[in-house]
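K.L.:
Sharing target28.txt (compact mmCIF, C-alpha atoms) below.
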# COMPACT_ATOMS: atom_id res chain seq x y z
CA MET N 234 -3.42 23.39 -17.88
CA ALA N 235 -5.56 20.77 -16.18
CA ALA N 236 -4.03 18.96 -13.23
CA LYS N 237 -2.43 15.64 -14.15
CA ASN N 238 -3.56 12.40 -12.56
CA VAL N 239 -0.74 10.17 -11.33
CA PHE N 240 -1.33 6.60 -10.20
CA ILE N 241 1.43 5.04 -8.08
CA VAL N 242 1.45 1.25 -7.81
CA TYR N 243 3.66 0.48 -4.83
CA ALA N 244 4.98 -2.95 -3.87
CA HIS N 245 7.02 -3.22 -0.68
CA GLN N 246 6.20 -4.86 2.62
CA SER N 247 7.75 -2.30 4.98
CA PRO N 248 6.62 1.30 5.55
CA THR N 249 10.14 2.12 6.78
CA SER N 250 11.91 0.80 3.67
CA PHE N 251 13.91 2.86 1.18
CA ASN N 252 11.23 2.02 -1.39
CA ALA N 253 8.68 3.62 0.93
CA ALA N 254 10.88 6.72 1.09
CA CYS N 255 11.05 6.81 -2.73
CA LYS N 256 7.26 6.53 -2.90
CA ASP N 257 6.80 9.27 -0.30
CA VAL N 258 9.12 11.63 -2.17
CA ALA N 259 7.15 11.01 -5.37
CA VAL N 260 3.80 11.66 -3.72
CA LYS N 261 4.98 14.89 -2.12
CA ALA N 262 6.81 16.22 -5.19
CA LEU N 263 3.95 15.46 -7.59
CA GLN N 264 1.30 16.88 -5.29
CA ALA N 265 3.40 20.05 -4.95
CA GLN N 266 3.02 20.44 -8.73
CA GLY N 267 -0.75 20.23 -8.45
CA CYS N 268 -1.03 16.60 -9.53
CA ASN N 269 -3.80 14.39 -8.24
CA VAL N 270 -1.95 11.37 -6.84
CA VAL N 271 -3.65 8.02 -6.22
CA LEU N 272 -1.78 5.20 -4.47
CA SER N 273 -2.27 1.45 -4.47
CA ASP N 274 -0.15 -0.05 -1.70
CA LEU N 275 -0.37 -3.67 -2.77
CA TYR N 276 0.90 -5.32 0.40
CA ALA N 277 -1.25 -3.10 2.63
CA MET N 278 -4.23 -3.95 0.42
CA ASN N 279 -3.37 -7.67 0.65
CA PHE N 280 -3.80 -7.65 -3.11
CA LYS N 281 -4.48 -11.10 -4.55
CA ALA N 282 -1.65 -12.03 -6.92
CA GLN N 283 -3.01 -15.26 -8.40
CA ALA N 284 -4.90 -15.04 -11.68
CA THR N 285 -7.66 -17.62 -11.26
CA ALA N 286 -11.28 -18.37 -12.14
CA ASP N 287 -12.22 -16.55 -8.93
CA ASP N 288 -11.54 -13.31 -10.84
CA ILE N 289 -14.82 -13.65 -12.70
CA ILE N 290 -18.32 -13.59 -11.25
CA GLY N 291 -20.51 -16.50 -12.27
CA GLU N 292 -19.67 -19.52 -14.35
CA PRO N 293 -16.84 -19.46 -16.90
CA GLN N 294 -17.62 -19.92 -20.56
CA ASN N 295 -15.49 -23.05 -20.69
CA SER N 296 -14.90 -24.67 -17.32
CA ASP N 297 -13.27 -27.71 -18.93
CA ASN N 298 -10.50 -25.61 -20.51
CA PHE N 299 -10.32 -22.35 -18.58
CA GLN N 300 -8.35 -19.70 -20.50
CA TYR N 301 -7.77 -16.66 -18.33
CA ALA N 302 -7.34 -14.06 -21.11
CA GLU N 303 -10.50 -15.05 -22.96
CA GLU N 304 -12.61 -15.56 -19.84
CA THR N 305 -11.68 -12.21 -18.29
CA MET N 306 -12.24 -10.42 -21.61
CA ALA N 307 -15.77 -11.83 -21.73
CA ALA N 308 -16.30 -10.98 -18.06
CA LEU N 309 -15.12 -7.41 -18.67
CA LYS N 310 -17.73 -6.95 -21.42
CA GLU N 311 -20.45 -8.40 -19.17
CA ASN N 312 -19.37 -6.51 -16.02
CA ARG N 313 -18.49 -9.79 -14.30
CA LEU N 314 -14.91 -9.08 -13.23
CA SER N 315 -14.13 -9.18 -9.52
CA ALA N 316 -14.46 -5.89 -7.65
CA ASP N 317 -10.75 -5.51 -6.84
CA ILE N 318 -9.82 -5.72 -10.53
CA ILE N 319 -12.51 -3.22 -11.53
CA GLU N 320 -11.30 -0.77 -8.88
CA GLU N 321 -7.70 -0.91 -10.13
CA GLN N 322 -8.79 -0.59 -13.75
CA LYS N 323 -10.67 2.59 -12.89
CA LYS N 324 -7.46 4.03 -11.44
CA VAL N 325 -5.60 3.12 -14.65
CA LEU N 326 -8.24 4.77 -16.84
CA GLU N 327 -8.10 8.00 -14.86
CA ALA N 328 -4.30 8.21 -14.83
CA ASP N 329 -2.13 10.30 -17.13
CA LEU N 330 0.98 8.68 -15.66
CA ILE N 331 1.42 5.36 -13.86
CA LEU N 332 4.50 5.00 -11.67
CA PHE N 333 5.52 1.55 -10.46
CA GLN N 334 7.67 1.62 -7.30
CA PHE N 335 9.23 -1.67 -6.20
CA PRO N 336 12.39 -3.58 -5.28
CA MET N 337 13.75 -5.65 -8.15
CA TYR N 338 13.38 -9.35 -7.33
CA TRP N 339 15.13 -11.93 -9.52
CA SER N 340 15.60 -9.37 -12.32
CA THR N 341 11.90 -8.50 -12.43
CA VAL N 342 9.04 -7.23 -10.29
CA PRO N 343 7.89 -8.83 -7.01
CA ALA N 344 5.22 -11.52 -7.35
CA ILE N 345 2.49 -9.31 -5.93
CA LEU N 346 3.17 -6.67 -8.60
CA LYS N 347 3.37 -9.28 -11.36
CA GLY N 348 0.00 -10.51 -10.14
CA TRP N 349 -1.35 -6.97 -10.35
CA LEU N 350 -0.18 -6.75 -13.95
CA ASP N 351 -1.61 -10.17 -14.80
CA ARG N 352 -5.00 -9.45 -13.26
CA VAL N 353 -5.52 -5.74 -13.98
CA PHE N 354 -4.16 -5.56 -17.53
CA THR N 355 -6.80 -7.94 -18.86
CA LYS N 356 -7.39 -8.63 -22.53
CA GLY N 357 -9.94 -6.20 -23.93
CA PHE N 358 -8.96 -3.62 -21.32
CA ALA N 359 -5.18 -3.23 -21.71
CA TYR N 360 -4.66 -4.88 -25.09
CA SER N 361 -6.34 -6.77 -27.90
CA ASP N 362 -5.30 -8.34 -31.18
CA GLU N 363 -5.87 -4.96 -32.85
CA HIS N 364 -4.79 -2.66 -30.03
CA MET N 365 -1.16 -3.12 -29.04
CA TYR N 366 2.13 -1.25 -29.02
CA SER N 367 1.81 2.22 -30.61
CA ASN N 368 -1.86 1.50 -31.35
CA GLY N 369 -2.51 0.32 -27.81
CA PHE N 370 -5.40 1.35 -25.62
CA PHE N 371 -3.07 3.41 -23.42
CA LYS N 372 -1.15 5.25 -26.16
CA ASP N 373 -2.06 8.63 -24.62
CA LYS N 374 -0.76 7.66 -21.18
CA LYS N 375 2.75 7.48 -19.75
CA ALA N 376 4.25 4.82 -17.49
CA MET N 377 7.58 4.28 -15.78
CA LEU N 378 9.44 1.98 -13.46
CA SER N 379 11.13 3.19 -10.28
CA PHE N 380 12.97 0.49 -8.40
CA THR N 381 15.83 -0.49 -6.13
CA THR N 382 18.42 -3.16 -6.82
CA GLY N 383 20.34 -5.40 -4.50
CA ALA N 384 23.36 -5.39 -6.79
CA LEU N 385 25.77 -2.62 -7.71
CA GLU N 386 25.35 -0.66 -10.93
CA SER N 387 28.64 -2.10 -12.24
CA MET N 388 27.17 -5.60 -12.00
CA PHE N 389 24.44 -4.62 -14.49
CA ASN N 390 26.62 -3.22 -17.26
CA PRO N 391 27.36 -5.13 -20.50
CA SER N 392 30.47 -6.75 -19.02
CA GLY N 393 29.08 -7.12 -15.48
CA ILE N 394 28.18 -10.47 -13.97
CA ASN N 395 24.42 -9.79 -14.08
CA GLY N 396 24.48 -8.58 -17.68
CA ASP N 397 23.21 -5.42 -19.34
CA MET N 398 20.33 -3.73 -17.47
CA ASN N 399 18.97 -2.60 -20.83
CA VAL N 400 18.36 -6.25 -21.68
CA THR N 401 16.92 -7.00 -18.23
CA LEU N 402 14.33 -4.23 -18.59
CA TRP N 403 13.22 -5.07 -22.12
CA PRO N 404 10.47 -7.57 -21.14
CA LEU N 405 8.99 -5.10 -18.64
CA GLN N 406 9.28 -1.87 -20.58
CA ASN N 407 8.55 -3.22 -24.04
CA GLY N 408 6.79 -6.52 -23.44
CA ILE N 409 4.30 -5.15 -20.89
CA LEU N 410 4.15 -1.35 -20.83
CA HIS N 411 4.79 -0.54 -24.50
CA PHE N 412 2.74 -3.58 -25.55
CA CYS N 413 -0.25 -1.95 -23.84
CA GLY N 414 0.47 1.29 -25.67
CA PHE N 415 2.07 3.31 -22.87
CA GLN N 416 4.64 5.96 -23.67
CA VAL N 417 7.43 4.59 -21.48
CA LEU N 418 9.59 7.03 -19.55
CA ALA N 419 13.15 6.04 -18.67
CA PRO N 420 13.30 4.17 -15.35
CA GLN N 421 14.49 5.60 -12.07
CA ILE N 422 16.99 3.12 -10.67
CA PHE N 423 18.30 3.26 -7.11
CA TRP N 424 21.41 1.13 -7.20
CA ALA N 425 22.00 -1.06 -4.11
CA PRO N 426 20.76 1.43 -1.51
CA SER N 427 21.03 -1.14 1.30
CA GLY N 428 24.80 -1.10 0.91
CA THR N 429 25.23 2.67 0.97
CA SER N 430 25.52 5.27 3.71
CA PRO N 431 22.62 7.42 4.96
CA ASP N 432 24.16 10.40 3.18
CA ASP N 433 24.29 8.47 -0.10
CA ARG N 434 20.67 7.42 0.27
CA LYS N 435 19.66 11.02 0.92
CA THR N 436 21.50 12.05 -2.25
CA MET N 437 19.56 9.40 -4.19
CA LEU N 438 16.27 10.78 -2.88
CA ASP N 439 17.29 14.37 -3.62
CA ARG N 440 18.09 13.43 -7.23
CA TRP N 441 14.75 11.67 -7.50
CA GLN N 442 12.95 14.76 -6.23
CA LYS N 443 14.77 16.92 -8.79
CA ARG N 444 13.74 14.60 -11.59
CA LEU N 445 10.14 14.54 -10.41
CA GLU N 446 9.99 18.31 -10.77
CA VAL N 447 10.32 17.95 -14.56
CA LEU N 448 9.11 14.37 -15.00
CA LEU N 449 5.85 15.25 -16.72
CA GLU N 450 7.77 17.07 -19.47
CA GLU N 451 10.16 14.21 -20.20
CA LYS N 452 10.12 12.55 -23.60
CA PRO N 453 9.49 8.79 -23.63
CA LEU N 454 11.99 6.15 -24.67
CA CYS N 455 12.26 5.41 -28.38
CA LEU N 456 10.42 2.15 -29.01
CA THR N 457 9.14 0.62 -32.23
CA ALA N 458 5.83 1.57 -33.81
CA LEU N 459 3.24 -0.99 -34.85
CA GLU N 460 3.24 0.33 -38.40
CA TRP N 461 6.88 -0.74 -38.77
CA PHE N 462 5.64 -4.32 -39.06
CA ASP N 463 3.52 -6.11 -41.61
CA GLY N 464 0.08 -7.18 -40.53
CA GLY N 465 0.50 -10.68 -41.83
CA GLU N 466 0.84 -13.89 -39.91
CA GLY N 467 4.43 -13.29 -38.88
CA PHE N 468 4.31 -9.59 -37.90
CA GLN N 469 7.77 -9.13 -39.40
CA MET N 470 9.50 -5.78 -39.71
CA LYS N 471 8.80 -4.34 -43.14
CA GLN N 472 11.66 -4.40 -45.58
CA SER N 473 11.35 -0.62 -46.01
CA GLU N 474 11.96 -0.18 -42.27
CA ARG N 475 14.87 -2.63 -42.22
CA GLU N 476 16.53 -0.73 -45.03
CA LYS N 477 16.50 2.47 -42.95
CA TRP N 478 18.84 0.80 -40.46
CA GLU N 479 21.24 -0.86 -42.90
CA ALA N 480 23.84 1.92 -42.61
CA GLU N 481 23.42 2.33 -38.85
CA ALA N 482 25.85 0.88 -36.33
CA HIS N 483 22.97 -0.31 -34.12
CA GLY N 484 19.48 -1.68 -34.56
CA PRO N 485 16.49 0.39 -33.43
CA THR N 486 15.91 -1.29 -30.04
CA VAL N 487 17.21 -3.97 -27.67
CA GLY N 488 14.75 -6.52 -29.02
CA HIS N 489 14.93 -5.41 -32.64
CA HIS N 490 18.69 -5.31 -32.96
CA LEU N 491 18.68 -6.73 -36.52
CA GLY N 492 21.87 -8.62 -35.77
CA LYS N 493 23.78 -5.45 -34.87
CA PRO N 494 25.38 -4.41 -31.56
CA LEU N 495 22.87 -3.06 -29.04
CA ARG N 496 22.37 0.67 -28.85
CA PRO N 497 23.94 1.72 -25.51
CA ASN N 498 21.49 2.61 -22.75
CA SER N 499 18.42 2.71 -24.95
CA GLN N 500 16.29 1.55 -22.02
CA LEU N 501 17.83 3.78 -19.35
CA LEU N 502 17.97 7.38 -18.23
CA VAL N 503 21.20 8.92 -19.45
CA VAL N 504 22.44 11.78 -17.28
Would you encode the structure as C-alpha cells?
P.N.:
Amino acid sequence: MAAKNVFIVYAHQSPTSFNAACKDVAVKALQAQGCNVVLSDLYAMNFKAQATADDIIGEPQNSDNFQYAEETMAALKENRLSADIIEEQKKVLEADLILFQFPMYWSTVPAILKGWLDRVFTKGFAYSDEHMYSNGFFKDKKAMLSFTTGALESMFNPSGINGDMNVTLWPLQNGILHFCGFQVLAPQIFWAPSGTSPDDRKTMLDRWQKRLEVLLEEKPLCLTALEWFDGGEGFQMKQSEREKWEAEAHGPTVGHHLGKPLRPNSQLLVV
C-alpha cells in the first residue's frame, strides 16, 4: 500500500502549548506508520487571514463591485492567485487526510484558521455550483478537526450551558468540510486541558496516540448525499428520501432533522 499523505493545518501561537503537544503527537504517530506528513504552522508562517483583492495578481474583473469568490475563481483559472494561496492549495491536492489542530475560540476556529479556509478553499478549487457535498472536488479525501476547549465537556451537552457540541460543530463539519466533499472523520476533542492535572493531560495525549494508530482505517461520519436533494431552485430533500425517515425516531443529521429530535452524538466520536 502506498504511503498516505497527511497535511496538518496547525493554529496556535505558542510552541509550548497543549495544542502544540497534540500536533507533535500526531506528526510522530503518523510518521511512524509511514505517512508523509506536511505541516502548515499558520502563526509561524504569519499567514494572512484577510480575504482581499490583494489575493489576486493584476487587476480584478470588476473593481467597482469586487466579489471575492468570483474574482479568485477567475484568478485560479488564469494562474493569478497569490503565491501563498497556491502553495497551500498544492498541499491540499497532495493530501489524503487533512487534520486541523486548533483551540476552539468562540465556538469556532481561530481567526487565522478561518482566514486560511476563506482564502485557500476558493471557488473553482474547493467547490463549485456543480461540485459540492458528496459530489465535491475532495470526495476522495478525508478531513478532521482536533481541538481543545476552554469549557468542560458537561457544558457542551444538550442540557449544558453552552449547548450541544453536535450543533456547534455542524457549520464546520458539514458547512465547510463536507460541503467541499471531504469524508469527515469524527473530531478529536480535548476537553478543558488547561484546567486539568499534568497526569490528565498525559492521558489525553496517550488516547490521541492510540487513536492515531488506527485513524486511517476509521469510517467517516454519516452525512447527507447530494443525490438526496432535488436539483431544482430550492435544493429540497426529495420526497422519496423523506419517506425513508418517517418511521425513525430521529432525522438523518443535525441540520436535516426533519422536525424530529436530534440523533445523539452524530457529529462526535463515540467511545
K.L.:
Have a look at N:Val271, N:Ala282, N:Leu378, N:Leu314 and name the one nearest to Phe423 of chain N; count only C-alpha atoms.
P.N.:
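The answer is N:Leu378, which sits nearest to Phe423 of chain N.
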K.L.:
Report, in Å with one decimal, the straight-line distance from atom CA of Pro431 of chain N to atom CA of Val258 of chain N.
P.N.:
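Going from atom CA of Pro431 of chain N over to atom CA of Val258 of chain N, I get 15.8 Å.
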K.L.:
Which residues are close to segment 402-409 of chain N, i.e. within 12 Å by all atoms listed in the file, leaving aside same-chain residues fewer than 2 positions away? Reply as a PDB file with C-alpha atoms, in the frame of the given file.
P.N.:
ATOM      1  CA  PHE N 333       5.520   1.550 -10.460  1.00  0.00           C
ATOM      2  CA  MET N 337      13.750  -5.650  -8.150  1.00  0.00           C
ATOM      3  CA  TRP N 339      15.130 -11.930  -9.520  1.00  0.00           C
ATOM      4  CA  SER N 340      15.600  -9.370 -12.320  1.00  0.00           C
ATOM      5  CA  THR N 341      11.900  -8.500 -12.430  1.00  0.00           C
ATOM      6  CA  VAL N 342       9.040  -7.230 -10.290  1.00  0.00           C
ATOM      7  CA  LEU N 346       3.170  -6.670  -8.600  1.00  0.00           C
ATOM      8  CA  LYS N 347       3.370  -9.280 -11.360  1.00  0.00           C
ATOM      9  CA  LEU N 350      -0.180  -6.750 -13.950  1.00  0.00           C
ATOM     10  CA  ASP N 351      -1.610 -10.170 -14.800  1.00  0.00           C
ATOM     11  CA  PHE N 354      -4.160  -5.560 -17.530  1.00  0.00           C
ATOM     12  CA  THR N 355      -6.800  -7.940 -18.860  1.00  0.00           C
ATOM     13  CA  ALA N 359      -5.180  -3.230 -21.710  1.00  0.00           C
ATOM     14  CA  TYR N 360      -4.660  -4.880 -25.090  1.00  0.00           C
ATOM     15  CA  MET N 365      -1.160  -3.120 -29.040  1.00  0.00           C
ATOM     16  CA  TYR N 366       2.130  -1.250 -29.020  1.00  0.00           C
ATOM     17  CA  SER N 367       1.810   2.220 -30.610  1.00  0.00           C
ATOM     18  CA  GLY N 369      -2.510   0.320 -27.810  1.00  0.00           C
ATOM     19  CA  PHE N 371      -3.070   3.410 -23.420  1.00  0.00           C
ATOM     20  CA  LYS N 375       2.750   7.480 -19.750  1.00  0.00           C
ATOM     21  CA  ALA N 376       4.250   4.820 -17.490  1.00  0.00           C
ATOM     22  CA  MET N 377       7.580   4.280 -15.780  1.00  0.00           C
ATOM     23  CA  LEU N 378       9.440   1.980 -13.460  1.00  0.00           C
ATOM     24  CA  SER N 379      11.130   3.190 -10.280  1.00  0.00           C
ATOM     25  CA  PHE N 380      12.970   0.490  -8.400  1.00  0.00           C
ATOM     26  CA  PHE N 389      24.440  -4.620 -14.490  1.00  0.00           C
ATOM     27  CA  GLY N 396      24.480  -8.580 -17.680  1.00  0.00           C
ATOM     28  CA  ASP N 397      23.210  -5.420 -19.340  1.00  0.00           C
ATOM     29  CA  MET N 398      20.330  -3.730 -17.470  1.00  0.00           C
ATOM     30  CA  ASN N 399      18.970  -2.600 -20.830  1.00  0.00           C
ATOM     31  CA  VAL N 400      18.360  -6.250 -21.680  1.00  0.00           C
ATOM     32  CA  HIS N 411       4.790  -0.540 -24.500  1.00  0.00           C
ATOM     33  CA  PHE N 412       2.740  -3.580 -25.550  1.00  0.00           C
ATOM     34  CA  CYS N 413      -0.250  -1.950 -23.840  1.00  0.00           C
ATOM     35  CA  GLY N 414       0.470   1.290 -25.670  1.00  0.00           C
ATOM     36  CA  PHE N 415       2.070   3.310 -22.870  1.00  0.00           C
ATOM     37  CA  GLN N 416       4.640   5.960 -23.670  1.00  0.00           C
ATOM     38  CA  VAL N 417       7.430   4.590 -21.480  1.00  0.00           C
ATOM     39  CA  LEU N 418       9.590   7.030 -19.550  1.00  0.00           C
ATOM     40  CA  ALA N 419      13.150   6.040 -18.670  1.00  0.00           C
ATOM     41  CA  PRO N 420      13.300   4.170 -15.350  1.00  0.00           C
ATOM     42  CA  GLN N 421      14.490   5.600 -12.070  1.00  0.00           C
ATOM     43  CA  ILE N 422      16.990   3.120 -10.670  1.00  0.00           C
ATOM     44  CA  PRO N 453       9.490   8.790 -23.630  1.00  0.00           C
ATOM     45  CA  LEU N 454      11.990   6.150 -24.670  1.00  0.00           C
ATOM     46  CA  CYS N 455      12.260   5.410 -28.380  1.00  0.00           C
ATOM     47  CA  LEU N 456      10.420   2.150 -29.010  1.00  0.00           C
ATOM     48  CA  THR N 457       9.140   0.620 -32.230  1.00  0.00           C
ATOM     49  CA  ALA N 458       5.830   1.570 -33.810  1.00  0.00           C
ATOM     50  CA  THR N 486      15.910  -1.290 -30.040  1.00  0.00           C
ATOM     51  CA  VAL N 487      17.210  -3.970 -27.670  1.00  0.00           C
ATOM     52  CA  GLY N 488      14.750  -6.520 -29.020  1.00  0.00           C
ATOM     53  CA  HIS N 489      14.930  -5.410 -32.640  1.00  0.00           C
ATOM     54  CA  ASN N 498      21.490   2.610 -22.750  1.00  0.00           C
ATOM     55  CA  SER N 499      18.420   2.710 -24.950  1.00  0.00           C
ATOM     56  CA  GLN N 500      16.290   1.550 -22.020  1.00  0.00           C
ATOM     57  CA  LEU N 501      17.830   3.780 -19.350  1.00  0.00           C
TER      58      LEU N 501
END
K.L.:
Pick out the closest residue to Lys324 of chain N from this set: N:Val270, N:Leu495, N:Cys255, N:Ala480. Count all atoms listed in the file.
P.N.:
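Checking each candidate against Lys324 of chain N, we get N:Val270 as the closest.
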K.L.:
Just want the 7 Å neighbourhood of segment 315-317 of chain N, counted on only C-alpha atoms, with same-chain residues fewer than 6 positions away dropped. Output as a ChimeraX atom specification.
P.N.:
/N:288-290
K.L.:
Find, counting all atoms listed in the file, the residue in N:Gly464, N:Ala244, N:Ala253, N:Ala302 that gets nearest to Ala277 of chain N.
P.N.:
N:Ala244
K.L.:
Using Å and a single decimal, report how far atom CA of Asn390 of chain N sits from atom CA of Glu446 of chain N.
P.N.:
28.0 Å
K.L.:
Considering all atoms listed in the file, state which residue in the set N:Gln246, N:Asn252, N:Gln469, N:Asn298 is at the smallest distance from Thr381 of chain N.
P.N.:
N:Asn252
K.L.:
Mind pulling up the distance from atom CA of Leu445 of chain N to atom CA of Leu330 of chain N?
P.N.:
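According to the coordinates, atom CA of Leu330 of chain N and atom CA of Leu445 of chain N are separated by 12.1 Å.
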K.L.:
For Trp424 of chain N, which residue out of N:Tyr301, N:Phe370, N:Phe251, N:Trp478 is the nearest one, using only C-alpha atoms?
P.N.:
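Selected residue with least distance to Trp424 of chain N: N:Phe251.
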K.L.:
My list of candidates is N:Met278, N:Ala286, N:Ala344, N:Leu502. Which is closest to Arg313 of chain N when distances are computed with all atoms listed in the file?
P.N.:
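Closest to Arg313 of chain N of all the choices is N:Ala286.
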K.L.:
Edge lengths and centre in Å to one decimal, as lines of an AutoDock Vina configuration file, of the axis-aligned box that encloses all listed atoms of segment 340-357 of chain N with 4 Å added on every side?
P.N.:
center_x = 2.8
center_y = -8.5
center_z = -14.9
size_x = 33.5
size_y = 14.0
size_z = 26.0
K.L.:
Give me the residues within 7 Å of Asn238 of chain N as a list in words, counting all atoms listed in the file and dropping any in the same chain fewer than 4 places off.
P.N.:
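Surrounding residues, per the criterion: Cys268, Asn269, Val270, Glu327, Ala328, Asp329 and Leu330 of chain N.
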